[in-house]
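Asks: Take a look at the following structure, please.
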Amino acid sequence: MRARSALFDVFGGHLRQRDGSATIAALVRLLDPLGFGAPAIRTAVSRMVRQGWLTPVRLPEGPGYALTTRAERRLDEAGTRIYRTGLSTWDERWHVVALAEVPPRVARERLASSLRLLGYGPLGSSTWVAPRPSAELADVLAAEGLTARVFHGAHDGSDAELAAEAWDLTGLGESYRGFLAEWAPVMSAVDGSDPAEAFAASQRLLHAWRKFLFVDPGLPVALLPPDWPGATAAELFDTHTARLAPAVTEFLDDCLRRGGKQRSTA
């Protein structure tokens with residue numbers, strides 16, 4: 001885990017639900033159990049400011065940083081898939097993105113990474129599909145200077161075969177099995193008696209789980225192979241996240257109170 005990724009996880013998993021800001025002192029205190037020192041955190045924050053994810057703010061308790069609108073959009077969309085909230089029932093139509101032109105290699109790789117994060121899978125070099133539209137799609141295309149025809153459509157054929165073509169479901173299933181084998185014993189060993197330890201374990205679990213955003217679009221059950229291990233993996237994530245939540249909240253509140261409290265939203 002890098003400091004930048006850890007900051008994204010903290011903002012997305014916790015601070016976004018408050019007011020999306022914190023002092024730099026609070027961020028240093030929060031990331032200490034994960035092994036990050038103040039210099040690494042300050043460097044990561046500066047990078048996130050340059051990239052348009054954070055903006056400097058003056059909080060009552062001192063200098064801090066807040067999420068930009070762009071970051072809020074990205075984290076909210078990621079949150080619906082991480083915690084599986086707000087994902088609508090599939091209407092048996094695909095969201096199709098047909099690029100007007102294929103960009104050069106470097107831009108193409110960058111675009112592919114962004115589209116996969118938004119839940120799209122490729123059908124050839126210029127066509128991408130997703131089970132639901134992404135609110136961030138227009139921004140991603142604009143950032144690369146690309147135009148595309150975008151529409152909803154039903155597939156005249158097997159939807160399960162289409163899904164298997166756009167995503168490596170066999171490899172994804174193996175990744176979920178690996179996640180279960182690695183994290184079930186790790187999380188079972190954390191009893192939640194130490195708030196800092198609980199926070200660190202919960203954040204490491206979130207970081208590992210968040211990686212599936214790049215490979216799992218959240219397909220409807222009807223399109224998945226039988227005995228899909230992703231469901232069991234999601235249950236493990238949900239169970240341990242909820243179990244450690246009281247200790248995590250205690251640690252978070254303490255860090256924000258002593259290391260720079262956020263603005264009240266009341």
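FYI, nothing fancy with the structure tokens labels: chains A, B, ... in order, residues from 1 per chain, ligands from 1 as they appear.
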Quick one: residues within 12 Å of Phe8 in chain A, only C-alpha atoms, excluding same-chain residues fewer than 4 positions away - as a PDB file with C-alpha atoms, in the first residue's frame?

Replies:
```
ATOM      1  CA  MET A   1       0.000   0.000   0.000  1.00  0.00           C
ATOM      2  CA  ARG A   2       1.308   3.439  -0.914  1.00  0.00           C
ATOM      3  CA  ALA A   3       0.549   6.620   0.992  1.00  0.00           C
ATOM      4  CA  ARG A   4      -1.563   7.990  -1.858  1.00  0.00           C
ATOM      5  CA  GLY A  12     -13.416   7.370   0.678  1.00  0.00           C
ATOM      6  CA  GLY A  13     -14.063   4.981   3.521  1.00  0.00           C
ATOM      7  CA  HIS A  14     -14.426   7.492   6.350  1.00  0.00           C
ATOM      8  CA  LEU A  15     -13.934  11.210   5.743  1.00  0.00           C
ATOM      9  CA  ARG A  16     -16.337  11.406   2.799  1.00  0.00           C
ATOM     10  CA  GLY A  20     -14.596  15.322   3.259  1.00  0.00           C
ATOM     11  CA  LEU A  27      -4.135  12.666   8.413  1.00  0.00           C
ATOM     12  CA  LEU A  31      -2.017   6.835   8.770  1.00  0.00           C
ATOM     13  CA  ILE A  41       1.883  11.729   3.730  1.00  0.00           C
ATOM     14  CA  ALA A  44       1.220  12.158  -1.281  1.00  0.00           C
ATOM     15  CA  VAL A  45      -1.154  14.992  -0.360  1.00  0.00           C
ATOM     16  CA  MET A  48      -3.188  14.608  -4.954  1.00  0.00           C
ATOM     17  CA  TRP A  53      -8.235  15.228  -6.023  1.00  0.00           C
ATOM     18  CA  LEU A  54      -7.673  17.458  -2.981  1.00  0.00           C
ATOM     19  CA  ALA A  66     -10.755  18.798   1.359  1.00  0.00           C
ATOM     20  CA  LEU A  67     -12.010  16.608  -1.449  1.00  0.00           C
ATOM     21  CA  ALA A  71     -12.827  13.349  -6.074  1.00  0.00           C
ATOM     22  CA  GLU A  72     -16.258  13.214  -4.456  1.00  0.00           C
ATOM     23  CA  ARG A  74     -15.023   9.233  -8.042  1.00  0.00           C
ATOM     24  CA  LEU A  75     -15.264   8.108  -4.425  1.00  0.00           C
ATOM     25  CA  ASP A  76     -19.062   8.037  -4.429  1.00  0.00           C
ATOM     26  CA  ALA A  78     -16.442   3.586  -6.187  1.00  0.00           C
ATOM     27  CA  GLY A  79     -18.342   3.345  -2.911  1.00  0.00           C
ATOM     28  CA  GLN A 203      -7.860  -0.272   6.035  1.00  0.00           C
ATOM     29  CA  LEU A 206     -10.365  -2.244   2.262  1.00  0.00           C
ATOM     30  CA  HIS A 207      -7.251  -1.658   0.171  1.00  0.00           C
ATOM     31  CA  ARG A 210     -10.757  -2.058  -3.566  1.00  0.00           C
TER      32      ARG A 210
END
```

Asks: Do you know which residues are at most 12 Å from range 231-236 of chain A counting only C-alpha atoms, after dropping those on the same chain fewer than 2 positions away, and could you put them as a VMD selection string?

Replies: chain A and resid 81 to 84 172 to 188 202 205 to 206 208 to 210 212 216 218 to 221 224 to 229 238 to 243

Asks: Between A:Ala38, A:Leu244, A:Leu59, A:Leu99, which residue has the minimum interatomic distance to Ala22 in chain A, considering only C-alpha atoms?

Replies: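 Checking each candidate against Ala22 in chain A, we get A:Leu59 as the closest.
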
Asks: If you run DSSP on this backbone, which residues of range 17-191 of chain A come out as strand (DSSP E), and could you give them as a PyMOL selection string?

Replies: chain A and resi 21-23+54-59+62-67+94-99+121-122+127-130+148-153
